[in-house]
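Input: a single structure, listed below in C-alpha cells.
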Amino acid sequence: MNLESVRLTVPTDANIIVGQSHFIKTVEDLYEAMVNTSPHLKFGIAFNEASGECLIRFDGNDEELKKAAVENTTAIGAGHVFVVLLRNGFPINVLSRIHAVAEVVNVFCATANPVEVIVAQTEQGRGVLGVVDGSLPKGVETEAHATARVALLQKFGYKR
C-alpha cells in the first residue's frame with residue numbers, strides 16, 4: 001500500500017466539502033440539496049463512480065466551480081468520493097441537507113482552508129483515509145480573540 005497527500009484547489013472566495021457516497025444518483029441528489037437550500041448559492045459538484053464505467057459525474061450552476069470540482073475529484077482518484085465547491089453561502093448552510101442525502105456515507109471536511117486529502121493506493125484502487133484541514137494551532141484564544149470571533153459571527157448574521 002502507498003500513501004499520498006493530495007492538495008485540493010479551492011477557488012477564491014469558495015468553500016469545499018469532501019465526502020463519500022455510494023450510488024450513481026449522488027450528483028442529482030446533491031444538486032437538489034444545494035438548490036433547495038438557497039437559490040443564491042453558486043456551486044459545482046463532482047462524484048467518482050467506483051464500478052461500472054467508473055466515470056466522474058458532475059453538475060452545478062457555476063462553470064468555474066464545476067470544473068474545479070472535477071479537477072479535485074480527479075486528483076483524489078478514489079471511488080465514491082464527492083466534492084462540492086460553493087460560493088454565496090457557507091458549508092454550515094448546506095451540511096444538514098448533504099447529510100440527509102440517503103446515499104451520503106461520510107463528510108470528511110467542509111472548509112475554506114487549504115485541504116490535503118490522505119489517499120491510500122492498493123492493488124484494488126484508491127481510498128480516502130482522512131483530510132488535513134488548515135494549519136496547526138498557534139495558541140489559545142484570549143478575551144480579545146473571543147470578542148473578535150463573536151463580532152465576525154455577527155457580521156455574517158449568525159449571532160445577534
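Identifiers in this document derive from the order of the C-alpha cells: chains are assigned A, B, ..., residues are numbered from 1 separately in each chain, and ligands are numbered from 1 in order of occurrence.
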Cut-off 8 Å: closest range 10-123 of chain A/range 129-151 of chain A atom pairs per residue, using only C-alpha atoms, as JSON lines:
```
{"residue": "A:Phe108", "atom": "CA", "partner": "A:Gly130", "partner_atom": "CA", "distance": 6.5}
{"residue": "A:Cys109", "atom": "CA", "partner": "A:Val131", "partner_atom": "CA", "distance": 7.1}
{"residue": "A:Thr111", "atom": "CA", "partner": "A:Asp133", "partner_atom": "CA", "distance": 7.4}
{"residue": "A:Asn113", "atom": "CA", "partner": "A:Gly134", "partner_atom": "CA", "distance": 5.0}
{"residue": "A:Pro114", "atom": "CA", "partner": "A:Gly134", "partner_atom": "CA", "distance": 5.3}
{"residue": "A:Val115", "atom": "CA", "partner": "A:Asp133", "partner_atom": "CA", "distance": 4.8}
{"residue": "A:Glu116", "atom": "CA", "partner": "A:Val132", "partner_atom": "CA", "distance": 5.0}
{"residue": "A:Val117", "atom": "CA", "partner": "A:Val131", "partner_atom": "CA", "distance": 4.4}
{"residue": "A:Ile118", "atom": "CA", "partner": "A:Gly130", "partner_atom": "CA", "distance": 5.4}
{"residue": "A:Val119", "atom": "CA", "partner": "A:Leu129", "partner_atom": "CA", "distance": 5.8}
{"residue": "A:Ala120", "atom": "CA", "partner": "A:Leu129", "partner_atom": "CA", "distance": 6.7}
```
DSSP alpha helix (DSSP H) residues within range 29-158 of chain A, as JSON, numbers by chain: {"A": [29, 30, 31, 32, 33, 34, 35, 63, 64, 65, 66, 67, 68, 69, 70, 71, 72, 73, 74, 75, 76, 91, 92, 93, 94, 95, 96, 97, 98, 99, 100, 143, 144, 145, 146, 147, 148, 149, 150, 151, 152, 153, 154, 155, 156]}
C-alpha atoms of the current selection, written as a PDB file, in the first residue's frame:
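Here's the written file selection21.pdb:
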```pdb
ATOM      1  CA  ASP A  29     -29.403  14.360  -5.089  1.00  0.00           C
ATOM      2  CA  LEU A  30     -26.586  16.683  -4.005  1.00  0.00           C
ATOM      3  CA  TYR A  31     -27.681  19.161  -6.687  1.00  0.00           C
ATOM      4  CA  GLU A  32     -31.224  19.151  -5.261  1.00  0.00           C
ATOM      5  CA  ALA A  33     -29.883  19.560  -1.724  1.00  0.00           C
ATOM      6  CA  MET A  34     -27.909  22.609  -2.799  1.00  0.00           C
ATOM      7  CA  VAL A  35     -30.607  24.405  -4.811  1.00  0.00           C
ATOM      8  CA  GLU A  63     -18.917  26.618 -14.680  1.00  0.00           C
ATOM      9  CA  GLU A  64     -15.749  27.529 -12.756  1.00  0.00           C
ATOM     10  CA  LEU A  65     -16.863  25.592  -9.679  1.00  0.00           C
ATOM     11  CA  LYS A  66     -17.964  22.564 -11.735  1.00  0.00           C
ATOM     12  CA  LYS A  67     -14.561  22.472 -13.447  1.00  0.00           C
ATOM     13  CA  ALA A  68     -12.717  22.786 -10.118  1.00  0.00           C
ATOM     14  CA  ALA A  69     -14.863  20.030  -8.565  1.00  0.00           C
ATOM     15  CA  VAL A  70     -13.949  17.698 -11.441  1.00  0.00           C
ATOM     16  CA  GLU A  71     -10.251  18.606 -11.123  1.00  0.00           C
ATOM     17  CA  ASN A  72     -10.318  17.869  -7.393  1.00  0.00           C
ATOM     18  CA  THR A  73     -12.106  14.507  -7.696  1.00  0.00           C
ATOM     19  CA  THR A  74      -9.709  13.575 -10.494  1.00  0.00           C
ATOM     20  CA  ALA A  75      -6.735  14.389  -8.254  1.00  0.00           C
ATOM     21  CA  ILE A  76      -8.196  12.343  -5.376  1.00  0.00           C
ATOM     22  CA  PRO A  91     -20.980  24.807   4.420  1.00  0.00           C
ATOM     23  CA  ILE A  92     -22.993  25.357   7.610  1.00  0.00           C
ATOM     24  CA  ASN A  93     -25.896  26.361   5.348  1.00  0.00           C
ATOM     25  CA  VAL A  94     -25.900  23.064   3.412  1.00  0.00           C
ATOM     26  CA  LEU A  95     -24.319  20.372   5.593  1.00  0.00           C
ATOM     27  CA  SER A  96     -27.551  19.183   7.199  1.00  0.00           C
ATOM     28  CA  ARG A  97     -29.078  18.776   3.734  1.00  0.00           C
ATOM     29  CA  ILE A  98     -25.994  16.940   2.469  1.00  0.00           C
ATOM     30  CA  HIS A  99     -26.017  14.614   5.491  1.00  0.00           C
ATOM     31  CA  ALA A 100     -29.719  13.944   4.796  1.00  0.00           C
ATOM     32  CA  GLU A 143     -10.733  37.518  25.607  1.00  0.00           C
ATOM     33  CA  ALA A 144      -9.927  39.867  22.688  1.00  0.00           C
ATOM     34  CA  HIS A 145      -9.924  36.892  20.298  1.00  0.00           C
ATOM     35  CA  ALA A 146     -13.286  35.709  21.665  1.00  0.00           C
ATOM     36  CA  THR A 147     -14.760  39.189  21.226  1.00  0.00           C
ATOM     37  CA  ALA A 148     -13.478  39.298  17.626  1.00  0.00           C
ATOM     38  CA  ARG A 149     -14.957  35.820  16.966  1.00  0.00           C
ATOM     39  CA  VAL A 150     -18.403  36.937  18.133  1.00  0.00           C
ATOM     40  CA  ALA A 151     -18.118  40.131  16.061  1.00  0.00           C
ATOM     41  CA  LEU A 152     -17.315  38.061  12.964  1.00  0.00           C
ATOM     42  CA  LEU A 153     -20.326  35.806  13.588  1.00  0.00           C
ATOM     43  CA  GLN A 154     -22.492  38.901  13.979  1.00  0.00           C
ATOM     44  CA  LYS A 155     -21.133  40.306  10.716  1.00  0.00           C
ATOM     45  CA  PHE A 156     -22.134  37.064   8.936  1.00  0.00           C
TER      46      PHE A 156
END
```
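In this model, the gap between CA of Val81 in chain A and CA of Ala14 in chain A comes to 19.1 Å.
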Nearby residues (only C-alpha atoms) at most 8 Å from Gly125 in chain A, same-chain spacing under 4 positions excluded, as JSON, numbers by chain: {"A": [78, 79, 121]}
Export C-alpha atoms of the chosen residues as a short mmCIF file (atom, residue, chain, number, x, y, z; two decimals), in the first residue's frame?
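Okay, this is what ended up in selection.cif:
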```cif
data_model
loop_
_atom_site.label_atom_id
_atom_site.label_comp_id
_atom_site.auth_asym_id
_atom_site.auth_seq_id
_atom_site.Cartn_x
_atom_site.Cartn_y
_atom_site.Cartn_z
CA ALA A 78 -10.82 7.38 -5.16
CA GLY A 79 -14.14 5.75 -5.91
CA GLN A 121 -3.36 3.26 -3.08
#
```
Test item, strand (DSSP E or B) assignment across chain A, answer as an MDAnalysis selection string: chainID A and resid 2:7 15:21 42:48 56:60 81:87 104:111 115:121 126:133
Nearest to Leu85 in chain A by atom-to-atom distance, counting only C-alpha atoms, from A:Glu123, A:Asp59, A:Glu49, A:Glu4: A:Asp59
Residue neighbourhood Val83 in chain A, 7 Å, only C-alpha atoms, exclusion window fewer than 3 positions, as a list in words: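 Near neighbours after the sequence-gap exclusion: Ile16, Ile17, Val18, Gly19, Ile45, Ala46, Phe47, Ala69 and Thr73 of chain A.
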